[in-house]
>>> print(open('start.cif').read())   # mmCIF, N, CA, C and O atoms
data_protein
loop_
_atom_site.label_atom_id
_atom_site.label_comp_id
_atom_site.auth_asym_id
_atom_site.auth_seq_id
_atom_site.Cartn_x
_atom_site.Cartn_y
_atom_site.Cartn_z
N MET A 1 34.66 49.94 -47.69
CA MET A 1 35.27 50.98 -48.51
C MET A 1 35.72 52.12 -47.61
O MET A 1 34.94 52.63 -46.82
N SER A 2 36.97 52.50 -47.76
CA SER A 2 37.44 53.62 -46.95
C SER A 2 37.29 54.92 -47.73
O SER A 2 37.82 55.07 -48.82
N VAL A 3 36.51 55.81 -47.17
CA VAL A 3 36.24 57.10 -47.79
C VAL A 3 36.51 58.17 -46.74
O VAL A 3 36.09 58.05 -45.60
N LYS A 4 37.23 59.18 -47.16
CA LYS A 4 37.52 60.29 -46.26
C LYS A 4 37.20 61.58 -46.99
O LYS A 4 37.51 61.72 -48.18
N GLN A 5 36.59 62.51 -46.31
CA GLN A 5 36.32 63.80 -46.93
C GLN A 5 37.51 64.73 -46.67
O GLN A 5 38.18 64.62 -45.65
N THR A 6 37.77 65.60 -47.61
CA THR A 6 38.89 66.53 -47.52
C THR A 6 38.43 67.90 -48.02
O THR A 6 37.33 68.04 -48.55
N ASN A 7 39.27 68.91 -47.84
CA ASN A 7 38.93 70.27 -48.29
C ASN A 7 40.09 70.94 -49.00
O ASN A 7 40.19 72.16 -49.01
N GLU A 8 40.97 70.16 -49.63
CA GLU A 8 42.14 70.75 -50.29
C GLU A 8 41.76 71.73 -51.40
O GLU A 8 42.30 72.82 -51.49
N LEU A 9 40.84 71.31 -52.25
CA LEU A 9 40.41 72.16 -53.37
C LEU A 9 39.74 73.42 -52.84
O LEU A 9 40.04 74.53 -53.28
N ARG A 10 38.84 73.24 -51.87
CA ARG A 10 38.13 74.38 -51.28
C ARG A 10 39.12 75.33 -50.60
O ARG A 10 38.98 76.55 -50.68
N SER A 11 40.13 74.78 -49.95
CA SER A 11 41.14 75.61 -49.29
C SER A 11 41.92 76.45 -50.29
O SER A 11 42.32 77.57 -50.01
N SER A 12 42.13 75.89 -51.48
CA SER A 12 42.89 76.59 -52.52
C SER A 12 42.05 77.59 -53.31
O SER A 12 42.53 78.65 -53.69
N PHE A 13 40.78 77.24 -53.57
CA PHE A 13 39.97 78.03 -54.48
C PHE A 13 38.73 78.66 -53.86
O PHE A 13 38.04 79.44 -54.51
N GLY A 14 38.36 78.29 -52.65
CA GLY A 14 37.12 78.77 -52.06
C GLY A 14 35.98 77.82 -52.38
O GLY A 14 36.20 76.71 -52.86
N ASP A 15 34.75 78.25 -52.13
CA ASP A 15 33.58 77.39 -52.34
C ASP A 15 33.21 77.22 -53.80
O ASP A 15 32.53 76.27 -54.16
N ASP A 16 33.63 78.16 -54.64
CA ASP A 16 33.29 78.13 -56.06
C ASP A 16 34.55 78.06 -56.90
O ASP A 16 35.59 78.58 -56.51
N ILE A 17 34.42 77.42 -58.05
CA ILE A 17 35.54 77.31 -58.98
C ILE A 17 35.00 77.59 -60.38
O ILE A 17 33.88 77.22 -60.70
N ILE A 18 35.77 78.27 -61.21
CA ILE A 18 35.35 78.60 -62.57
C ILE A 18 36.06 77.64 -63.52
O ILE A 18 37.28 77.53 -63.50
N LEU A 19 35.27 76.96 -64.35
CA LEU A 19 35.82 76.05 -65.35
C LEU A 19 35.48 76.57 -66.74
O LEU A 19 34.46 77.20 -66.94
N PHE A 20 36.37 76.27 -67.68
CA PHE A 20 36.18 76.70 -69.07
C PHE A 20 35.99 75.48 -69.95
O PHE A 20 36.69 74.49 -69.81
N ASP A 21 35.02 75.57 -70.88
CA ASP A 21 34.79 74.46 -71.81
C ASP A 21 35.64 74.62 -73.06
O ASP A 21 36.48 75.53 -73.13
N GLU A 22 35.42 73.76 -74.04
CA GLU A 22 36.22 73.78 -75.26
C GLU A 22 36.07 75.08 -76.05
O GLU A 22 36.94 75.46 -76.81
N GLN A 23 34.93 75.75 -75.90
CA GLN A 23 34.70 77.02 -76.60
C GLN A 23 35.16 78.21 -75.77
O GLN A 23 34.85 79.36 -76.07
N ASP A 24 35.88 77.94 -74.67
CA ASP A 24 36.42 78.95 -73.76
C ASP A 24 35.31 79.73 -73.03
O ASP A 24 35.49 80.86 -72.64
N GLU A 25 34.13 79.08 -72.91
CA GLU A 25 33.04 79.65 -72.14
C GLU A 25 33.23 79.26 -70.67
O GLU A 25 33.53 78.11 -70.36
N SER A 26 33.05 80.22 -69.78
CA SER A 26 33.26 79.92 -68.36
C SER A 26 31.94 79.59 -67.66
O SER A 26 30.89 80.12 -68.00
N THR A 27 32.02 78.70 -66.69
CA THR A 27 30.89 78.33 -65.86
C THR A 27 31.37 78.25 -64.42
O THR A 27 32.43 77.69 -64.15
N VAL A 28 30.58 78.82 -63.52
CA VAL A 28 30.92 78.76 -62.11
C VAL A 28 30.31 77.49 -61.52
O VAL A 28 29.14 77.20 -61.72
N PHE A 29 31.13 76.72 -60.82
CA PHE A 29 30.69 75.50 -60.15
C PHE A 29 30.90 75.65 -58.65
O PHE A 29 31.91 76.18 -58.21
N ARG A 30 29.95 75.16 -57.90
CA ARG A 30 30.06 75.09 -56.44
C ARG A 30 30.74 73.77 -56.11
O ARG A 30 30.41 72.73 -56.67
N ILE A 31 31.72 73.81 -55.21
CA ILE A 31 32.36 72.58 -54.74
C ILE A 31 31.45 71.99 -53.67
O ILE A 31 31.29 72.56 -52.59
N LEU A 32 30.80 70.87 -53.99
CA LEU A 32 29.88 70.24 -53.05
C LEU A 32 30.62 69.41 -52.01
O LEU A 32 30.29 69.47 -50.82
N THR A 33 31.58 68.64 -52.46
CA THR A 33 32.37 67.83 -51.54
C THR A 33 33.63 67.35 -52.23
O THR A 33 33.73 67.35 -53.45
N GLU A 34 34.60 66.96 -51.41
CA GLU A 34 35.82 66.33 -51.90
C GLU A 34 35.98 65.02 -51.16
O GLU A 34 35.72 64.95 -49.96
N ILE A 35 36.39 63.99 -51.89
CA ILE A 35 36.47 62.65 -51.34
C ILE A 35 37.86 62.07 -51.61
O ILE A 35 38.37 62.20 -52.72
N LEU A 36 38.43 61.44 -50.61
CA LEU A 36 39.63 60.64 -50.80
C LEU A 36 39.21 59.18 -50.77
O LEU A 36 38.58 58.74 -49.81
N HIS A 37 39.51 58.47 -51.85
CA HIS A 37 39.12 57.05 -51.94
C HIS A 37 40.24 56.30 -52.66
O HIS A 37 40.63 56.67 -53.77
N GLU A 38 40.76 55.25 -52.00
CA GLU A 38 41.83 54.44 -52.58
C GLU A 38 42.98 55.30 -53.08
O GLU A 38 43.44 55.17 -54.22
N ASP A 39 43.44 56.21 -52.23
CA ASP A 39 44.57 57.10 -52.53
C ASP A 39 44.34 58.03 -53.72
O ASP A 39 45.29 58.54 -54.31
N ARG A 40 43.10 58.22 -54.08
CA ARG A 40 42.77 59.19 -55.13
C ARG A 40 41.85 60.25 -54.55
O ARG A 40 41.02 59.98 -53.69
N HIS A 41 41.99 61.45 -55.05
CA HIS A 41 41.24 62.62 -54.59
C HIS A 41 40.22 62.97 -55.67
O HIS A 41 40.56 63.06 -56.86
N TYR A 42 38.97 63.13 -55.27
CA TYR A 42 37.89 63.46 -56.19
C TYR A 42 37.13 64.69 -55.70
O TYR A 42 37.09 64.95 -54.50
N ALA A 43 36.51 65.40 -56.64
CA ALA A 43 35.68 66.54 -56.30
C ALA A 43 34.32 66.38 -56.98
O ALA A 43 34.25 65.97 -58.14
N VAL A 44 33.27 66.71 -56.24
CA VAL A 44 31.92 66.71 -56.80
C VAL A 44 31.50 68.18 -56.90
O VAL A 44 31.49 68.90 -55.91
N LEU A 45 31.21 68.61 -58.13
CA LEU A 45 30.89 70.01 -58.41
C LEU A 45 29.50 70.13 -59.01
O LEU A 45 28.98 69.18 -59.60
N GLN A 46 28.92 71.33 -58.87
CA GLN A 46 27.58 71.56 -59.43
C GLN A 46 27.44 73.02 -59.84
O GLN A 46 27.71 73.92 -59.06
N SER A 47 27.00 73.24 -61.09
CA SER A 47 26.70 74.59 -61.57
C SER A 47 25.25 74.90 -61.22
O SER A 47 24.48 74.01 -60.84
N GLU A 48 24.86 76.15 -61.36
CA GLU A 48 23.47 76.53 -61.09
C GLU A 48 22.51 75.78 -62.01
O GLU A 48 21.45 75.35 -61.61
N GLU A 49 22.90 75.63 -63.27
CA GLU A 49 22.07 74.91 -64.24
C GLU A 49 21.91 73.45 -63.84
O GLU A 49 20.82 72.89 -63.91
N MET A 50 23.00 72.83 -63.40
CA MET A 50 22.95 71.44 -62.98
C MET A 50 22.10 71.28 -61.73
O MET A 50 21.41 70.27 -61.56
N LYS A 51 22.15 72.28 -60.86
CA LYS A 51 21.36 72.23 -59.62
C LYS A 51 19.88 72.13 -59.94
O LYS A 51 19.15 71.37 -59.29
N LYS A 52 19.44 72.86 -60.95
CA LYS A 52 18.04 72.82 -61.36
C LYS A 52 17.62 71.43 -61.81
O LYS A 52 16.47 71.03 -61.65
N GLU A 53 18.57 70.69 -62.40
CA GLU A 53 18.29 69.34 -62.92
C GLU A 53 18.62 68.26 -61.89
O GLU A 53 18.41 67.08 -62.16
N GLY A 54 19.20 68.64 -60.75
CA GLY A 54 19.58 67.66 -59.75
C GLY A 54 20.79 66.84 -60.17
O GLY A 54 20.95 65.70 -59.76
N GLU A 55 21.66 67.41 -61.00
CA GLU A 55 22.83 66.71 -61.51
C GLU A 55 24.10 67.25 -60.87
O GLU A 55 24.14 68.37 -60.36
N VAL A 56 25.16 66.44 -60.92
CA VAL A 56 26.47 66.85 -60.43
C VAL A 56 27.53 66.41 -61.43
O VAL A 56 27.30 65.54 -62.26
N SER A 57 28.71 67.01 -61.33
CA SER A 57 29.88 66.59 -62.10
C SER A 57 30.91 66.04 -61.14
O SER A 57 31.11 66.59 -60.05
N VAL A 58 31.56 64.95 -61.53
CA VAL A 58 32.57 64.33 -60.70
C VAL A 58 33.91 64.41 -61.44
O VAL A 58 33.99 64.07 -62.62
N PHE A 59 34.94 64.88 -60.75
CA PHE A 59 36.27 65.01 -61.32
C PHE A 59 37.31 64.36 -60.42
O PHE A 59 37.14 64.33 -59.21
N ARG A 60 38.38 63.87 -61.02
CA ARG A 60 39.55 63.45 -60.26
C ARG A 60 40.40 64.69 -60.03
O ARG A 60 40.54 65.52 -60.93
N VAL A 61 40.95 64.84 -58.84
CA VAL A 61 41.81 65.97 -58.52
C VAL A 61 43.25 65.46 -58.51
O VAL A 61 43.55 64.45 -57.89
N SER A 62 44.11 66.15 -59.23
CA SER A 62 45.52 65.78 -59.27
C SER A 62 46.36 67.04 -59.07
O SER A 62 45.83 68.14 -58.93
N ARG A 63 47.66 66.86 -59.05
CA ARG A 63 48.58 67.99 -58.92
C ARG A 63 49.50 68.01 -60.14
O ARG A 63 49.99 66.98 -60.57
N ASP A 64 49.72 69.22 -60.66
CA ASP A 64 50.67 69.35 -61.76
C ASP A 64 52.09 69.33 -61.18
O ASP A 64 52.26 69.27 -59.96
N PRO A 65 53.12 69.35 -62.03
CA PRO A 65 54.49 69.28 -61.51
C PRO A 65 54.86 70.38 -60.50
O PRO A 65 55.72 70.19 -59.65
N GLU A 66 54.18 71.52 -60.58
CA GLU A 66 54.44 72.60 -59.63
C GLU A 66 53.64 72.45 -58.34
O GLU A 66 53.74 73.27 -57.43
N GLY A 67 52.78 71.42 -58.28
CA GLY A 67 51.99 71.18 -57.07
C GLY A 67 50.62 71.85 -57.07
O GLY A 67 49.89 71.79 -56.09
N THR A 68 50.24 72.48 -58.19
CA THR A 68 48.94 73.13 -58.29
C THR A 68 47.86 72.08 -58.52
O THR A 68 48.03 71.18 -59.33
N LEU A 69 46.74 72.23 -57.82
CA LEU A 69 45.63 71.30 -57.98
C LEU A 69 44.98 71.48 -59.34
O LEU A 69 44.77 72.60 -59.79
N GLU A 70 44.65 70.37 -59.99
CA GLU A 70 43.98 70.37 -61.28
C GLU A 70 42.81 69.40 -61.26
O GLU A 70 42.85 68.40 -60.53
N LEU A 71 41.81 69.68 -62.07
CA LEU A 71 40.67 68.77 -62.21
C LEU A 71 40.82 67.98 -63.50
O LEU A 71 41.13 68.55 -64.54
N GLU A 72 40.59 66.67 -63.42
CA GLU A 72 40.66 65.80 -64.59
C GLU A 72 39.31 65.14 -64.80
O GLU A 72 38.68 64.70 -63.85
N THR A 73 38.90 65.04 -66.05
CA THR A 73 37.69 64.31 -66.38
C THR A 73 37.95 62.83 -66.15
O THR A 73 39.01 62.32 -66.50
N ILE A 74 36.99 62.15 -65.55
CA ILE A 74 37.10 60.72 -65.33
C ILE A 74 36.56 60.01 -66.56
O ILE A 74 35.37 60.09 -66.86
N GLU A 75 37.45 59.34 -67.28
CA GLU A 75 37.07 58.65 -68.52
C GLU A 75 36.50 57.26 -68.26
O GLU A 75 35.69 56.76 -69.04
N ASP A 76 36.92 56.63 -67.18
CA ASP A 76 36.50 55.27 -66.86
C ASP A 76 35.12 55.28 -66.22
O ASP A 76 34.93 55.85 -65.15
N ASP A 77 34.15 54.64 -66.88
CA ASP A 77 32.77 54.63 -66.38
C ASP A 77 32.66 54.01 -64.99
O ASP A 77 31.91 54.50 -64.15
N GLU A 78 33.40 52.94 -64.76
CA GLU A 78 33.34 52.26 -63.47
C GLU A 78 33.86 53.15 -62.34
O GLU A 78 33.27 53.22 -61.27
N GLU A 79 34.96 53.85 -62.61
CA GLU A 79 35.51 54.77 -61.61
C GLU A 79 34.51 55.89 -61.32
O GLU A 79 34.27 56.24 -60.17
N TRP A 80 33.92 56.46 -62.38
CA TRP A 80 32.95 57.54 -62.20
C TRP A 80 31.76 57.06 -61.38
O TRP A 80 31.29 57.74 -60.47
N GLU A 81 31.27 55.87 -61.70
CA GLU A 81 30.12 55.29 -61.00
C GLU A 81 30.44 55.08 -59.52
O GLU A 81 29.62 55.37 -58.66
N THR A 82 31.64 54.57 -59.24
CA THR A 82 32.04 54.32 -57.85
C THR A 82 32.03 55.62 -57.04
O THR A 82 31.48 55.69 -55.94
N VAL A 83 32.63 56.66 -57.60
CA VAL A 83 32.70 57.94 -56.89
C VAL A 83 31.31 58.55 -56.75
O VAL A 83 30.98 59.11 -55.70
N SER A 84 30.48 58.43 -57.77
CA SER A 84 29.10 58.94 -57.69
C SER A 84 28.33 58.24 -56.57
O SER A 84 27.59 58.88 -55.81
N GLU A 85 28.51 56.92 -56.48
CA GLU A 85 27.83 56.17 -55.42
C GLU A 85 28.34 56.57 -54.03
O GLU A 85 27.56 56.69 -53.09
N LEU A 86 29.64 56.79 -53.91
CA LEU A 86 30.20 57.23 -52.63
C LEU A 86 29.63 58.59 -52.24
O LEU A 86 29.29 58.82 -51.08
N TYR A 87 29.50 59.48 -53.22
CA TYR A 87 28.91 60.79 -52.96
C TYR A 87 27.46 60.64 -52.49
O TYR A 87 27.05 61.27 -51.52
N ASP A 88 26.71 59.78 -53.17
CA ASP A 88 25.31 59.55 -52.78
C ASP A 88 25.23 59.01 -51.35
O ASP A 88 24.38 59.44 -50.58
N GLU A 89 26.12 58.08 -51.01
CA GLU A 89 26.12 57.52 -49.66
C GLU A 89 26.43 58.58 -48.61
O GLU A 89 25.86 58.58 -47.52
N LEU A 90 27.35 59.49 -48.93
CA LEU A 90 27.69 60.55 -48.00
C LEU A 90 26.57 61.58 -47.88
O LEU A 90 26.31 62.13 -46.82
N THR A 91 25.90 61.83 -48.99
CA THR A 91 24.86 62.85 -49.05
C THR A 91 23.53 62.35 -48.52
O THR A 91 22.80 63.05 -47.85
N PHE A 92 23.21 61.11 -48.86
CA PHE A 92 21.93 60.52 -48.47
C PHE A 92 22.16 59.21 -47.72
O PHE A 92 21.87 58.13 -48.24
N PRO A 93 22.74 59.30 -46.50
CA PRO A 93 23.03 58.04 -45.77
C PRO A 93 21.75 57.28 -45.48
O PRO A 93 20.72 57.87 -45.14
N GLU A 94 21.83 55.97 -45.65
CA GLU A 94 20.67 55.13 -45.36
C GLU A 94 20.59 54.94 -43.86
O GLU A 94 21.60 54.71 -43.20
N HIS A 95 19.41 55.05 -43.34
CA HIS A 95 19.21 54.84 -41.90
C HIS A 95 18.92 53.37 -41.66
O HIS A 95 18.06 52.79 -42.32
N ASP A 96 19.66 52.80 -40.74
CA ASP A 96 19.40 51.40 -40.38
C ASP A 96 18.12 51.30 -39.58
O ASP A 96 17.86 52.11 -38.69
N GLU A 97 17.33 50.31 -39.92
CA GLU A 97 16.09 50.09 -39.19
C GLU A 97 16.44 49.43 -37.86
O GLU A 97 17.28 48.54 -37.82
N PRO A 98 15.78 49.81 -36.75
CA PRO A 98 16.08 49.18 -35.45
C PRO A 98 15.63 47.74 -35.40
O PRO A 98 14.81 47.29 -36.09
#
>>> encode(input="start.cif", output="structure tokens")
Amino acid sequence: MSVKQTNELRSSFGDDIILFDEQDESTVFRILTEILHEDRHYAVLQSEEMKKEGEVSVFRVSRDPEGTLELETIEDDEEWETVSELYDELTFPEHDEP
């Protein structure tokens, strides 16, 4: 699997990004990492509340017609699982036994 880390989102928004839910409530998320996999760009984010639970959110990163970066919810369970596993591998690499 070819995985490359990138910093496009971080370069545009800094280390933190504010997202709004359906009720227009804002939450600050820390950008943990960005991954390029199979020509798709993903971001792994975490709010303070999620940090307490050891959870993360995974989003697909796309560009609108003006070229602005946007976050999309990943609806496909298999795609979400793949990106989550890639993040785990990057975060917690397994050490090969000698």
>>> residues_around(input="start.cif", residues="region 29-45 of chain A", least_positions_apart="2", cutoff="7 Å", atoms="only C-alpha atoms", output="short mmCIF file (atom, residue, chain, number, x, y, z; two decimals) with N, CA, C and O atoms, in the coordinates of the input")
data_model
loop_
_atom_site.label_atom_id
_atom_site.label_comp_id
_atom_site.auth_asym_id
_atom_site.auth_seq_id
_atom_site.Cartn_x
_atom_site.Cartn_y
_atom_site.Cartn_z
N SER A 2 36.97 52.50 -47.76
CA SER A 2 37.44 53.62 -46.95
C SER A 2 37.29 54.92 -47.73
O SER A 2 37.82 55.07 -48.82
N VAL A 3 36.51 55.81 -47.17
CA VAL A 3 36.24 57.10 -47.79
C VAL A 3 36.51 58.17 -46.74
O VAL A 3 36.09 58.05 -45.60
N LYS A 4 37.23 59.18 -47.16
CA LYS A 4 37.52 60.29 -46.26
C LYS A 4 37.20 61.58 -46.99
O LYS A 4 37.51 61.72 -48.18
N GLN A 5 36.59 62.51 -46.31
CA GLN A 5 36.32 63.80 -46.93
C GLN A 5 37.51 64.73 -46.67
O GLN A 5 38.18 64.62 -45.65
N THR A 6 37.77 65.60 -47.61
CA THR A 6 38.89 66.53 -47.52
C THR A 6 38.43 67.90 -48.02
O THR A 6 37.33 68.04 -48.55
N ASN A 7 39.27 68.91 -47.84
CA ASN A 7 38.93 70.27 -48.29
C ASN A 7 40.09 70.94 -49.00
O ASN A 7 40.19 72.16 -49.01
N ARG A 10 38.84 73.24 -51.87
CA ARG A 10 38.13 74.38 -51.28
C ARG A 10 39.12 75.33 -50.60
O ARG A 10 38.98 76.55 -50.68
N ASP A 15 34.75 78.25 -52.13
CA ASP A 15 33.58 77.39 -52.34
C ASP A 15 33.21 77.22 -53.80
O ASP A 15 32.53 76.27 -54.16
N ASP A 16 33.63 78.16 -54.64
CA ASP A 16 33.29 78.13 -56.06
C ASP A 16 34.55 78.06 -56.90
O ASP A 16 35.59 78.58 -56.51
N ILE A 17 34.42 77.42 -58.05
CA ILE A 17 35.54 77.31 -58.98
C ILE A 17 35.00 77.59 -60.38
O ILE A 17 33.88 77.22 -60.70
N ILE A 18 35.77 78.27 -61.21
CA ILE A 18 35.35 78.60 -62.57
C ILE A 18 36.06 77.64 -63.52
O ILE A 18 37.28 77.53 -63.50
N THR A 27 32.02 78.70 -66.69
CA THR A 27 30.89 78.33 -65.86
C THR A 27 31.37 78.25 -64.42
O THR A 27 32.43 77.69 -64.15
N SER A 47 27.00 73.24 -61.09
CA SER A 47 26.70 74.59 -61.57
C SER A 47 25.25 74.90 -61.22
O SER A 47 24.48 74.01 -60.84
N VAL A 56 25.16 66.44 -60.92
CA VAL A 56 26.47 66.85 -60.43
C VAL A 56 27.53 66.41 -61.43
O VAL A 56 27.30 65.54 -62.26
N SER A 57 28.71 67.01 -61.33
CA SER A 57 29.88 66.59 -62.10
C SER A 57 30.91 66.04 -61.14
O SER A 57 31.11 66.59 -60.05
N VAL A 58 31.56 64.95 -61.53
CA VAL A 58 32.57 64.33 -60.70
C VAL A 58 33.91 64.41 -61.44
O VAL A 58 33.99 64.07 -62.62
N PHE A 59 34.94 64.88 -60.75
CA PHE A 59 36.27 65.01 -61.32
C PHE A 59 37.31 64.36 -60.42
O PHE A 59 37.14 64.33 -59.21
N ARG A 60 38.38 63.87 -61.02
CA ARG A 60 39.55 63.45 -60.26
C ARG A 60 40.40 64.69 -60.03
O ARG A 60 40.54 65.52 -60.93
N VAL A 61 40.95 64.84 -58.84
CA VAL A 61 41.81 65.97 -58.52
C VAL A 61 43.25 65.46 -58.51
O VAL A 61 43.55 64.45 -57.89
#
>>> select_by_dssp(input="start.cif", residues="chain A", states="alpha helix (DSSP H)", output="JSON, numbers by chain")
{"A": [8, 9, 10, 11, 12, 13, 48, 49, 50, 51, 52, 53, 77, 78, 79, 80, 81, 82, 83, 84, 85, 86, 87, 88, 89, 90, 91]}
>>> atom_distance(input="start.cif", atom1="atom C of Glu78 (chain A)", atom2="atom N of Arg63 (chain A)")
19.7 Å
>>> select_by_dssp(input="start.cif", residues="chain A", states="strand (DSSP E)", output="count of residues only")
40
>>> atom_distance(input="start.cif", atom1="atom O of Thr68 (chain A)", atom2="atom N of Glu22 (chain A)")
19.5 Å
>>> atom_distance(input="start.cif", atom1="CA of Glu70 (chain A)", atom2="atom O of Asp21 (chain A)")
14.9 Å
>>> decode(input="start.cif", residues="region 41-53 of chain A", atoms="N, CA and C atoms", output="mmCIF file, in the first residue's frame")
data_model
loop_
_atom_site.group_PDB
_atom_site.id
_atom_site.type_symbol
_atom_site.label_atom_id
_atom_site.label_comp_id
_atom_site.auth_asym_id
_atom_site.auth_seq_id
_atom_site.Cartn_x
_atom_site.Cartn_y
_atom_site.Cartn_z
ATOM 1 N N HIS A 41 -6.912 12.228 -0.706
ATOM 2 C CA HIS A 41 -6.338 12.953 0.424
ATOM 3 C C HIS A 41 -7.295 12.798 1.607
ATOM 4 N N TYR A 42 -6.753 12.396 2.752
ATOM 5 C CA TYR A 42 -7.551 12.206 3.959
ATOM 6 C C TYR A 42 -6.945 12.983 5.122
ATOM 7 N N ALA A 43 -7.791 13.332 6.082
ATOM 8 C CA ALA A 43 -7.328 13.999 7.292
ATOM 9 C C ALA A 43 -7.869 13.251 8.506
ATOM 10 N N VAL A 44 -7.015 13.100 9.508
ATOM 11 C CA VAL A 44 -7.421 12.497 10.778
ATOM 12 C C VAL A 44 -7.436 13.629 11.803
ATOM 13 N N LEU A 45 -8.612 13.864 12.384
ATOM 14 C CA LEU A 45 -8.818 14.969 13.316
ATOM 15 C C LEU A 45 -9.259 14.454 14.674
ATOM 16 N N GLN A 46 -9.028 15.290 15.703
ATOM 17 C CA GLN A 46 -9.437 14.893 17.055
ATOM 18 C C GLN A 46 -9.789 16.136 17.871
ATOM 19 N N SER A 47 -10.974 16.114 18.487
ATOM 20 C CA SER A 47 -11.377 17.182 19.401
ATOM 21 C C SER A 47 -10.865 16.839 20.797
ATOM 22 N N GLU A 48 -10.928 17.782 21.702
ATOM 23 C CA GLU A 48 -10.499 17.517 23.082
ATOM 24 C C GLU A 48 -11.341 16.406 23.709
ATOM 25 N N GLU A 49 -12.632 16.422 23.432
ATOM 26 C CA GLU A 49 -13.537 15.390 23.964
ATOM 27 C C GLU A 49 -13.158 14.012 23.425
ATOM 28 N N MET A 50 -12.859 13.949 22.134
ATOM 29 C CA MET A 50 -12.478 12.681 21.523
ATOM 30 C C MET A 50 -11.145 12.188 22.075
ATOM 31 N N LYS A 51 -10.263 13.125 22.377
ATOM 32 C CA LYS A 51 -8.945 12.764 22.918
ATOM 33 C C LYS A 51 -9.106 12.012 24.233
ATOM 34 N N LYS A 52 -10.045 12.456 25.057
ATOM 35 C CA LYS A 52 -10.302 11.800 26.336
ATOM 36 C C LYS A 52 -10.745 10.357 26.145
ATOM 37 N N GLU A 53 -11.459 10.095 25.040
ATOM 38 C CA GLU A 53 -11.982 8.757 24.751
ATOM 39 C C GLU A 53 -11.030 7.947 23.871
#
